[in-house]
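Heads up, the thing below is written out as structure tokens.
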Amino acid sequence: MRKQLYLAIIDRLKQLTDDLGHRLVKHFDLWNLNVEFIELERAFEMPAVFIEFCNIEWKTLSGGVQQADVDVRLHVVTRYRGEAADGSPFQADALEHFDLLEKINKALFGLEGNGFKAFKRIGSATNHNHEEIIENVETYRAMVIDKLL
């Protein structure tokens, strides 16, 4: 189930493009504290989305079926593009990462696939302590059903 959810998220976000048809998100991977050890990590293009699965508490139903609400965190990593202060000549560029977050939410809202339904955003954590790289975290939830038999 995690594999299907992971691949469905990536597939949907690959469809986000700019006016010239270039993908808005350049890199996808599983989350592994990638930003904390960025100097030690293999370089990746930005914007990047790293997918983190939160702990899952399964409910066992009859007939070998399990069900859970699965929370997934998307770590959306972008470059710092200047100060966003009122009157700053960099303000529009500095706020572009918020536009990307909104496009991601619109693309993922209601996503359904094999074994999961009703993907929706349930939380957002805005990065207010950054230098060259901004990592915003968007949390989504999907109801999943896993058939074991």
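By order in the structure tokens, chains are A, B, ...; within a chain, residues start at 1; ligands start at 1, following the order shown.
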> Counting only C-alpha atoms, what is within 7 Å of stretch 111-122 of chain A, bar same-chain residues fewer than 5 positions away, as a VMD selection string?
Replying inline: chain A and resid 1 4 105 139 to 146
Restrict the selected residues to N, CA and C atoms and save them as an mmCIF file, in the first residue's frame.
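result.cif, written as the output of this step:
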```cif
data_model
loop_
_atom_site.group_PDB
_atom_site.id
_atom_site.type_symbol
_atom_site.label_atom_id
_atom_site.label_comp_id
_atom_site.auth_asym_id
_atom_site.auth_seq_id
_atom_site.Cartn_x
_atom_site.Cartn_y
_atom_site.Cartn_z
ATOM 1 N N MET A 1 0.811 -1.183 0.000
ATOM 2 C CA MET A 1 0.000 0.000 0.000
ATOM 3 C C MET A 1 0.863 1.260 0.000
ATOM 4 N N GLN A 4 2.158 1.907 -3.524
ATOM 5 C CA GLN A 4 1.155 2.452 -4.425
ATOM 6 C C GLN A 4 0.899 3.932 -4.140
ATOM 7 N N ASN A 105 -1.183 21.175 -3.485
ATOM 8 C CA ASN A 105 -2.420 20.827 -2.788
ATOM 9 C C ASN A 105 -3.570 20.609 -3.763
ATOM 10 N N THR A 139 1.183 18.061 5.288
ATOM 11 C CA THR A 139 0.742 16.749 5.753
ATOM 12 C C THR A 139 -0.606 16.415 5.122
ATOM 13 N N TYR A 140 -0.693 15.210 4.596
ATOM 14 C CA TYR A 140 -1.898 14.716 3.926
ATOM 15 C C TYR A 140 -2.356 13.436 4.611
ATOM 16 N N ARG A 141 -3.635 13.124 4.429
ATOM 17 C CA ARG A 141 -4.204 11.894 4.993
ATOM 18 C C ARG A 141 -5.015 11.186 3.918
ATOM 19 N N ALA A 142 -4.895 9.874 3.899
ATOM 20 C CA ALA A 142 -5.694 9.033 3.004
ATOM 21 C C ALA A 142 -6.211 7.841 3.790
ATOM 22 N N MET A 143 -7.425 7.436 3.500
ATOM 23 C CA MET A 143 -7.966 6.224 4.091
ATOM 24 C C MET A 143 -7.541 5.070 3.198
ATOM 25 N N VAL A 144 -6.869 4.084 3.793
ATOM 26 C CA VAL A 144 -6.364 2.956 3.014
ATOM 27 C C VAL A 144 -6.997 1.653 3.491
ATOM 28 N N ILE A 145 -7.127 0.748 2.545
ATOM 29 C CA ILE A 145 -7.627 -0.589 2.843
ATOM 30 C C ILE A 145 -6.620 -1.574 2.274
ATOM 31 N N ASP A 146 -6.157 -2.479 3.119
ATOM 32 C CA ASP A 146 -5.167 -3.471 2.714
ATOM 33 C C ASP A 146 -5.801 -4.868 2.847
#
```
> Counting only C-alpha atoms, what is within 12 Å of stretch 91-104 of chain A, bar same-chain residues fewer than 4 positions away, as a PyMOL selection string?
Replying inline: chain A and resi 9-18+23-25+46-49+74-87+108-111+120-121+123-127+132-140
> If you run DSSP on this backbone, which residues of stretch 41-123 of chain A come out as strand (DSSP E or B), and could you give them as a ChimeraX atom specification?
Replying inline: /A:48-53,59-60,65-79,113,116-123
Can I get the selected residues back with C-alpha atoms, as a compact mmCIF listing (two decimals), in the first residue's frame?
```txt
# COMPACT_ATOMS: atom_id res chain seq x y z
CA ALA A 48 12.15 18.71 -4.66
CA VAL A 49 9.50 16.71 -2.82
CA PHE A 50 10.50 14.11 -0.26
CA ILE A 51 7.76 11.77 0.94
CA GLU A 52 7.58 10.65 4.57
CA PHE A 53 5.14 8.05 5.88
CA LYS A 59 -7.64 -1.72 12.36
CA THR A 60 -8.31 -5.33 11.49
CA VAL A 65 -8.86 -6.80 5.61
CA GLN A 66 -7.07 -4.01 7.44
CA GLN A 67 -7.92 -0.33 7.33
CA ALA A 68 -6.08 2.81 8.45
CA ASP A 69 -5.92 6.54 8.05
CA VAL A 70 -2.41 7.05 6.69
CA ASP A 71 -0.68 10.38 7.20
CA VAL A 72 1.98 11.34 4.68
CA ARG A 73 4.29 14.33 5.01
CA LEU A 74 5.59 16.02 1.89
CA HIS A 75 8.82 17.89 2.51
CA VAL A 76 8.81 20.52 -0.25
CA VAL A 77 12.33 21.86 -0.66
CA THR A 78 13.02 25.05 -2.61
CA ARG A 79 15.83 27.58 -2.86
CA GLY A 113 -5.85 4.92 -6.26
CA PHE A 116 -6.56 4.30 -0.94
CA LYS A 117 -9.18 7.04 -1.07
CA ALA A 118 -9.84 10.68 -0.31
CA PHE A 119 -6.29 12.06 -0.14
CA LYS A 120 -6.48 15.51 1.47
CA ARG A 121 -4.25 18.05 3.21
CA ILE A 122 -4.60 18.15 6.99
CA GLY A 123 -1.66 20.32 8.05
```
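Put simply, atom CA of A:His27 is 6.6 Å away from atom CA of A:Phe44.
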>> Between atom CA of A:Glu45 and atom CA of A:Leu30, what is the distance in Å, rounded to a tenth?
In response: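 Pair atom CA of A:Glu45 / atom CA of A:Leu30 returns 14.7 Å.
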>> Could you go through stretch 10-59 of chain A and tell me which residues DSSP, when run on the backbone, assigns to helix (DSSP H, G or I), listing them as a list in words?
In response: Ile10, Asp11, Arg12 and Leu13 of chain A
Write out, as a PDB file, in the first residue's frame, the residues just selected, with C-alpha atoms.
```
ATOM      1  CA  ILE A  10       4.853  11.209  -7.670  1.00  0.00           C
ATOM      2  CA  ASP A  11       2.816  10.477 -10.787  1.00  0.00           C
ATOM      3  CA  ARG A  12       0.312  13.227  -9.948  1.00  0.00           C
ATOM      4  CA  LEU A  13       2.997  15.805  -9.098  1.00  0.00           C
TER       5      LEU A  13
END
```
